[in-house]
Amino acid sequence: MKEIRHEPVAPTRTQWLAPGAAIDPHRHDDHQIVYAGRGVLAVTTSTGLWIAPATRAIWVPAGTVHAHQAHGELALHLVGLPASENPLSLAEPAVLTVGPLLRELILAHTDAPPDERPESPERARLRAVLLDQLRVSPQQPVHLPTPSSPQLKAVCEILRTNPADNHTLPALGREVGASARTLSRLFKADLGMTFPQWRTQLRLYRALVLLAEDTPVTTVAHRCGWSSASAFIDVFRRSFGHTPGAHQPRS
């Protein structure tokens with residue numbers, strides 16, 4: 001098992017990650033906002049997987065052990081905040097909506113040259129507006145919680161291996177030796193969501209990854225278990241507010 005790195009100060013900077021690149025598990029004494037200006041970012045913690053395309057950011061509270069995974073070429077924007085400053089009043093990771101104004105504020109704050117890092121009056125004002133925008137950013141349920149029950153782990157692994165698997169909960173239960181009623185109860189108690197909700201979240205996550213790899217929308221729909229591209233686009237638009245094409249790399 002790799003040693004978990006301890007980096008006391010959460011950096012404020014921009015860095016590029018190649019497709020498939022990862023940052024090993026580590027923790028900070030500060031809070032951190034993690035935003036992918038390009039590509040799709042996955043952040044893994046002990047409680048699950050948090051997914052953020054370019055319209056979302058991830059709040060990582062101080063002390064949280066987390067690892068990063070890049071899908072597609074990733075422009076990673078990091079904003080560190082002292083542990084004493086929590087504009088969201090959140091002690092757990094969360095996915096936040098990033099509107100046009102918040103996006104530009106994050107880009108401006110993280111793209112400043114190193115010699116401009118010390119707090120000038122201009123940067124202090126920029127940071128204050130950024131924090132104001134964070135306070136009013138809605139949270140989004142783009143999160144795959146990690147199960148603890150062995151039977152639930154087995155079911156989730158089957159679906160992770162093949163998100164297009166359309167087996168019913170009773171059929172999956174027969175594969176892992178549990179009744180549909182037991183599994184349904186475990187999904188709600190262990191993961192805080194129903195089986196259909198978890199499967200939809202898994203499929204949306206896999207769809208984001210495939211879109212970042214420039215996979216055609218129709219192919220993404222079928223690989224992730226939707227009956228048609230139009231059905232996939234409808235669910236995607238309702239979840240993210242726009243069509244899947246917005247997440248594909250620009251040529």
# chains A, B, ... in the order shown; residues from 1 in each chain; ligands from 1
$ residues_around --residues "A:Leu81" --least-positions-apart "6" --cutoff "7 Å" --atoms "only C-alpha atoms" --output "PyMOL selection string"
chain A and resi 30-32
$ select_by_dssp --residues "stretch 35-173 of chain A" --states "strand (DSSP E)" --output "VMD selection string"
chain A and resid 35 to 45 48 to 52 56 to 60 66 to 81 94 to 97 139 to 140 143 to 145
$ residues_around --residues "stretch 105-108 of chain A" --least-positions-apart "6" --cutoff "10 Å" --atoms "only C-alpha atoms" --output "number ranges by chain"
A: 12-14, 33-37, 57, 76-79, 98, 123, 126-127, 129-131, 133
$ residues_around --residues "stretch 166-181 of chain A" --least-positions-apart "5" --cutoff "12 Å" --atoms "only C-alpha atoms" --output "ChimeraX atom specification"
/A:149-159,186-188,194-196,198-200,203,222-227
$ residues_around --residues "A:Trp59" --least-positions-apart "2" --cutoff "12 Å" --atoms "only C-alpha atoms" --output "mmCIF file with N, CA and C atoms, in the first residue's frame"
data_model
loop_
_atom_site.group_PDB
_atom_site.id
_atom_site.type_symbol
_atom_site.label_atom_id
_atom_site.label_comp_id
_atom_site.auth_asym_id
_atom_site.auth_seq_id
_atom_site.Cartn_x
_atom_site.Cartn_y
_atom_site.Cartn_z
ATOM 1 N N ASP A 30 -5.292 22.279 4.465
ATOM 2 C CA ASP A 30 -6.187 23.318 3.950
ATOM 3 C C ASP A 30 -7.354 22.684 3.206
ATOM 4 N N HIS A 31 -8.409 23.497 2.996
ATOM 5 C CA HIS A 31 -9.464 23.104 2.069
ATOM 6 C C HIS A 31 -8.952 23.330 0.649
ATOM 7 N N GLN A 32 -9.639 22.709 -0.320
ATOM 8 C CA GLN A 32 -9.234 22.920 -1.708
ATOM 9 C C GLN A 32 -10.446 22.817 -2.637
ATOM 10 N N ILE A 33 -10.480 23.728 -3.613
ATOM 11 C CA ILE A 33 -11.420 23.648 -4.723
ATOM 12 C C ILE A 33 -10.649 23.076 -5.910
ATOM 13 N N VAL A 34 -11.181 22.023 -6.516
ATOM 14 C CA VAL A 34 -10.526 21.372 -7.649
ATOM 15 C C VAL A 34 -11.449 21.501 -8.856
ATOM 16 N N TYR A 35 -10.924 22.088 -9.926
ATOM 17 C CA TYR A 35 -11.752 22.358 -11.104
ATOM 18 C C TYR A 35 -11.021 21.957 -12.380
ATOM 19 N N VAL A 43 -12.196 12.443 -8.665
ATOM 20 C CA VAL A 43 -11.519 12.510 -7.372
ATOM 21 C C VAL A 43 -12.044 11.368 -6.507
ATOM 22 N N THR A 45 -12.143 9.445 -2.847
ATOM 23 C CA THR A 45 -11.924 9.564 -1.406
ATOM 24 C C THR A 45 -12.367 8.240 -0.764
ATOM 25 N N TRP A 50 -15.968 11.090 -6.929
ATOM 26 C CA TRP A 50 -16.582 12.376 -7.234
ATOM 27 C C TRP A 50 -16.156 12.783 -8.634
ATOM 28 N N ILE A 51 -17.125 13.143 -9.471
ATOM 29 C CA ILE A 51 -16.856 13.367 -10.888
ATOM 30 C C ILE A 51 -17.157 14.804 -11.251
ATOM 31 N N ALA A 52 -16.245 15.423 -12.025
ATOM 32 C CA ALA A 52 -16.441 16.830 -12.386
ATOM 33 C C ALA A 52 -15.999 17.107 -13.817
ATOM 34 N N ARG A 56 -18.457 21.692 -13.514
ATOM 35 C CA ARG A 56 -18.520 21.344 -12.093
ATOM 36 C C ARG A 56 -17.148 21.530 -11.446
ATOM 37 N N ALA A 57 -17.139 21.749 -10.143
ATOM 38 C CA ALA A 57 -15.905 21.765 -9.357
ATOM 39 C C ALA A 57 -16.124 20.863 -8.145
ATOM 40 N N PRO A 61 -12.576 19.027 1.547
ATOM 41 C CA PRO A 61 -12.322 19.620 2.863
ATOM 42 C C PRO A 61 -10.926 19.297 3.390
ATOM 43 N N ALA A 62 -10.434 20.131 4.275
ATOM 44 C CA ALA A 62 -9.125 19.929 4.898
ATOM 45 C C ALA A 62 -9.044 18.546 5.538
ATOM 46 N N THR A 64 -8.960 15.647 4.101
ATOM 47 C CA THR A 64 -9.543 14.558 3.322
ATOM 48 C C THR A 64 -8.482 13.914 2.427
ATOM 49 N N HIS A 66 -7.375 12.200 -0.726
ATOM 50 C CA HIS A 66 -7.985 12.157 -2.051
ATOM 51 C C HIS A 66 -6.934 11.917 -3.121
ATOM 52 N N LEU A 78 -6.467 24.501 -9.263
ATOM 53 C CA LEU A 78 -6.532 24.240 -7.823
ATOM 54 C C LEU A 78 -6.574 25.549 -7.051
ATOM 55 N N VAL A 79 -7.523 25.639 -6.124
ATOM 56 C CA VAL A 79 -7.636 26.824 -5.263
ATOM 57 C C VAL A 79 -7.558 26.367 -3.817
ATOM 58 N N GLY A 80 -6.488 26.758 -3.113
ATOM 59 C CA GLY A 80 -6.337 26.402 -1.705
ATOM 60 C C GLY A 80 -6.958 27.450 -0.802
ATOM 61 N N LEU A 81 -7.597 26.990 0.275
ATOM 62 C CA LEU A 81 -8.213 27.882 1.257
ATOM 63 C C LEU A 81 -7.803 27.435 2.657
ATOM 64 N N ASN A 86 -14.163 28.474 5.508
ATOM 65 C CA ASN A 86 -14.991 27.466 4.849
ATOM 66 C C ASN A 86 -16.250 28.140 4.305
ATOM 67 N N PRO A 87 -16.184 28.691 3.076
ATOM 68 C CA PRO A 87 -17.329 29.429 2.537
ATOM 69 C C PRO A 87 -18.554 28.564 2.309
ATOM 70 N N LEU A 88 -18.377 27.252 2.241
ATOM 71 C CA LEU A 88 -19.492 26.348 1.975
ATOM 72 C C LEU A 88 -20.053 25.702 3.237
ATOM 73 N N SER A 89 -19.322 25.836 4.345
ATOM 74 C CA SER A 89 -19.728 25.196 5.610
ATOM 75 C C SER A 89 -19.943 23.694 5.425
ATOM 76 N N LEU A 90 -19.053 23.074 4.654
ATOM 77 C CA LEU A 90 -19.160 21.644 4.368
ATOM 78 C C LEU A 90 -17.963 20.901 4.937
ATOM 79 N N ALA A 91 -18.230 19.780 5.605
ATOM 80 C CA ALA A 91 -17.161 18.950 6.145
ATOM 81 C C ALA A 91 -16.923 17.712 5.296
ATOM 82 N N GLU A 92 -17.718 17.528 4.240
ATOM 83 C CA GLU A 92 -17.586 16.390 3.337
ATOM 84 C C GLU A 92 -17.370 16.891 1.911
ATOM 85 N N PRO A 93 -16.744 16.082 1.059
ATOM 86 C CA PRO A 93 -16.589 16.492 -0.342
ATOM 87 C C PRO A 93 -17.944 16.755 -0.989
ATOM 88 N N ALA A 94 -17.942 17.604 -1.999
ATOM 89 C CA ALA A 94 -19.175 17.934 -2.713
ATOM 90 C C ALA A 94 -18.831 18.371 -4.130
ATOM 91 N N VAL A 95 -19.777 18.185 -5.034
ATOM 92 C CA VAL A 95 -19.640 18.668 -6.402
ATOM 93 C C VAL A 95 -20.488 19.920 -6.545
ATOM 94 N N LEU A 96 -19.889 20.989 -7.087
ATOM 95 C CA LEU A 96 -20.548 22.287 -7.192
ATOM 96 C C LEU A 96 -20.732 22.681 -8.645
ATOM 97 N N THR A 97 -21.824 23.371 -8.927
ATOM 98 C CA THR A 97 -22.041 23.919 -10.258
ATOM 99 C C THR A 97 -21.103 25.096 -10.490
ATOM 100 N N VAL A 98 -20.483 25.122 -11.658
ATOM 101 C CA VAL A 98 -19.597 26.226 -12.025
ATOM 102 C C VAL A 98 -20.229 26.974 -13.204
ATOM 103 N N LEU A 134 -18.760 31.001 -4.670
ATOM 104 C CA LEU A 134 -18.772 29.640 -4.128
ATOM 105 C C LEU A 134 -19.927 29.452 -3.151
ATOM 106 N N ARG A 135 -20.186 30.459 -2.343
ATOM 107 C CA ARG A 135 -21.241 30.350 -1.329
ATOM 108 C C ARG A 135 -22.612 30.119 -1.942
ATOM 109 N N SER A 137 -23.089 28.632 -5.004
ATOM 110 C CA SER A 137 -23.043 27.591 -6.033
ATOM 111 C C SER A 137 -23.844 26.372 -5.580
ATOM 112 N N PRO A 138 -24.828 25.940 -6.370
ATOM 113 C CA PRO A 138 -25.613 24.761 -5.989
ATOM 114 C C PRO A 138 -24.750 23.503 -5.980
ATOM 115 N N GLN A 139 -25.065 22.598 -5.065
ATOM 116 C CA GLN A 139 -24.385 21.307 -5.056
ATOM 117 C C GLN A 139 -25.075 20.368 -6.047
ATOM 118 N N GLN A 140 -24.281 19.485 -6.659
ATOM 119 C CA GLN A 140 -24.806 18.554 -7.651
ATOM 120 C C GLN A 140 -24.471 17.118 -7.241
#
$ atom_distance --atom1 "atom CA of A:Thr55" --atom2 "atom CA of A:Phe240"
8.0 Å
$ select_by_dssp --residues "stretch 131-206 of chain A" --states "helix (DSSP H, G or I)" --output "PyMOL selection string"
chain A and resi 131-135+150-161+169-176+180-191+195-206
$ residues_around --residues "A:Leu17" --least-positions-apart "4" --cutoff "8 Å" --atoms "only C-alpha atoms" --output "number ranges by chain"
A: 21-22, 70, 73-76
$ write_last_selection --atoms "N, CA, C and O atoms" --output "PDB file, in the first residue's frame"
ATOM      1  N   ALA A  21      -3.549  10.223 -16.767  1.00  0.00           N
ATOM      2  CA  ALA A  21      -2.603  10.535 -15.685  1.00  0.00           C
ATOM      3  C   ALA A  21      -3.327  10.592 -14.345  1.00  0.00           C
ATOM      4  O   ALA A  21      -4.535  10.842 -14.276  1.00  0.00           O
ATOM      5  N   ALA A  22      -2.577  10.364 -13.288  1.00  0.00           N
ATOM      6  CA  ALA A  22      -3.174  10.343 -11.949  1.00  0.00           C
ATOM      7  C   ALA A  22      -2.257  11.037 -10.947  1.00  0.00           C
ATOM      8  O   ALA A  22      -1.047  11.129 -11.154  1.00  0.00           O
ATOM      9  N   ALA A  70      -7.254  11.798 -14.401  1.00  0.00           N
ATOM     10  CA  ALA A  70      -7.606  12.599 -15.575  1.00  0.00           C
ATOM     11  C   ALA A  70      -8.219  11.729 -16.652  1.00  0.00           C
ATOM     12  O   ALA A  70      -7.713  10.652 -16.966  1.00  0.00           O
ATOM     13  N   GLU A  73      -7.396  15.105 -21.950  1.00  0.00           N
ATOM     14  CA  GLU A  73      -6.371  16.061 -21.520  1.00  0.00           C
ATOM     15  C   GLU A  73      -6.992  17.002 -20.501  1.00  0.00           C
ATOM     16  O   GLU A  73      -8.001  17.647 -20.772  1.00  0.00           O
ATOM     17  N   LEU A  74      -6.382  17.087 -19.325  1.00  0.00           N
ATOM     18  CA  LEU A  74      -7.010  17.779 -18.198  1.00  0.00           C
ATOM     19  C   LEU A  74      -6.276  19.065 -17.840  1.00  0.00           C
ATOM     20  O   LEU A  74      -5.060  19.059 -17.600  1.00  0.00           O
ATOM     21  N   ALA A  75      -7.009  20.163 -17.834  1.00  0.00           N
ATOM     22  CA  ALA A  75      -6.497  21.425 -17.304  1.00  0.00           C
ATOM     23  C   ALA A  75      -6.998  21.537 -15.872  1.00  0.00           C
ATOM     24  O   ALA A  75      -8.180  21.802 -15.630  1.00  0.00           O
ATOM     25  N   LEU A  76      -6.109  21.287 -14.921  1.00  0.00           N
ATOM     26  CA  LEU A  76      -6.480  21.206 -13.516  1.00  0.00           C
ATOM     27  C   LEU A  76      -6.214  22.539 -12.824  1.00  0.00           C
ATOM     28  O   LEU A  76      -5.079  23.015 -12.775  1.00  0.00           O
TER      29      LEU A  76
END
$ residues_around --residues "A:Ala207" --least-positions-apart "3" --cutoff "10 Å" --atoms "only C-alpha atoms" --output "compact mmCIF listing (two decimals) with N, CA, C and O atoms, in the first residue's frame"
# COMPACT_ATOMS: atom_id res chain seq x y z
N PRO A 163 -21.31 -1.11 -17.43
CA PRO A 163 -22.43 -0.20 -17.12
C PRO A 163 -23.66 -0.44 -17.99
O PRO A 163 -24.76 -0.04 -17.62
N GLN A 201 -26.20 7.15 -11.99
CA GLN A 201 -24.99 7.89 -11.68
C GLN A 201 -23.76 7.22 -12.27
O GLN A 201 -22.86 7.87 -12.83
N LEU A 202 -23.69 5.90 -12.15
CA LEU A 202 -22.57 5.15 -12.73
C LEU A 202 -22.52 5.34 -14.25
O LEU A 202 -21.44 5.59 -14.81
N ARG A 203 -23.65 5.27 -14.88
CA ARG A 203 -23.69 5.41 -16.35
C ARG A 203 -23.31 6.82 -16.77
O ARG A 203 -22.63 7.01 -17.79
N LEU A 204 -23.76 7.82 -16.02
CA LEU A 204 -23.39 9.19 -16.35
C LEU A 204 -21.88 9.39 -16.18
O LEU A 204 -21.24 10.08 -17.00
N LEU A 210 -16.09 8.57 -21.44
CA LEU A 210 -16.06 8.24 -22.87
C LEU A 210 -16.12 9.50 -23.73
O LEU A 210 -15.43 9.60 -24.76
N LEU A 211 -16.92 10.47 -23.32
CA LEU A 211 -17.01 11.72 -24.07
C LEU A 211 -15.67 12.46 -24.05
O LEU A 211 -15.26 13.04 -25.06
N ALA A 212 -14.98 12.42 -22.91
CA ALA A 212 -13.67 13.06 -22.81
C ALA A 212 -12.66 12.40 -23.73
O ALA A 212 -11.67 13.03 -24.15
N GLU A 213 -12.91 11.13 -24.06
CA GLU A 213 -12.03 10.39 -24.97
C GLU A 213 -12.47 10.53 -26.42
O GLU A 213 -11.98 9.83 -27.31
N THR A 215 -15.36 9.80 -27.83
CA THR A 215 -16.21 8.72 -28.33
C THR A 215 -17.51 9.30 -28.86
O THR A 215 -18.11 10.16 -28.20
N VAL A 217 -21.35 10.17 -29.61
CA VAL A 217 -22.46 10.17 -28.66
C VAL A 217 -23.29 8.89 -28.76
O VAL A 217 -23.67 8.31 -27.73
N THR A 219 -22.35 5.92 -29.71
CA THR A 219 -21.57 4.83 -29.12
C THR A 219 -21.59 4.91 -27.61
O THR A 219 -21.73 3.89 -26.91
N VAL A 220 -21.44 6.11 -27.07
CA VAL A 220 -21.49 6.31 -25.62
C VAL A 220 -22.83 5.82 -25.07
O VAL A 220 -22.88 5.11 -24.06
N ALA A 221 -23.91 6.20 -25.74
CA ALA A 221 -25.25 5.81 -25.28
C ALA A 221 -25.36 4.29 -25.16
O ALA A 221 -25.83 3.77 -24.13
N HIS A 222 -24.93 3.57 -26.17
CA HIS A 222 -25.07 2.11 -26.15
C HIS A 222 -24.10 1.45 -25.17
O HIS A 222 -24.46 0.48 -24.49
N ARG A 223 -22.89 1.97 -25.07
CA ARG A 223 -21.93 1.39 -24.12
C ARG A 223 -22.36 1.59 -22.67
O ARG A 223 -21.95 0.84 -21.79
N CYS A 224 -23.15 2.61 -22.44
CA CYS A 224 -23.57 2.92 -21.06
C CYS A 224 -24.98 2.44 -20.73
O CYS A 224 -25.48 2.70 -19.63
N GLY A 225 -25.62 1.74 -21.69
CA GLY A 225 -26.88 1.09 -21.35
C GLY A 225 -28.15 1.80 -21.72
O GLY A 225 -29.24 1.33 -21.36
N PHE A 232 -30.39 8.83 -24.05
CA PHE A 232 -29.17 9.25 -23.35
C PHE A 232 -29.07 10.77 -23.27
O PHE A 232 -28.81 11.34 -22.21
N PHE A 236 -28.91 13.06 -19.92
CA PHE A 236 -27.71 13.86 -19.75
C PHE A 236 -28.07 15.34 -19.60
O PHE A 236 -27.55 16.03 -18.73
N PRO A 244 -24.59 16.19 -24.40
CA PRO A 244 -23.28 15.53 -24.28
C PRO A 244 -22.19 16.13 -25.16
O PRO A 244 -21.01 16.10 -24.81
N HIS A 247 -19.20 18.25 -23.95
CA HIS A 247 -18.08 17.69 -23.20
C HIS A 247 -17.03 17.02 -24.08
O HIS A 247 -16.04 16.52 -23.58
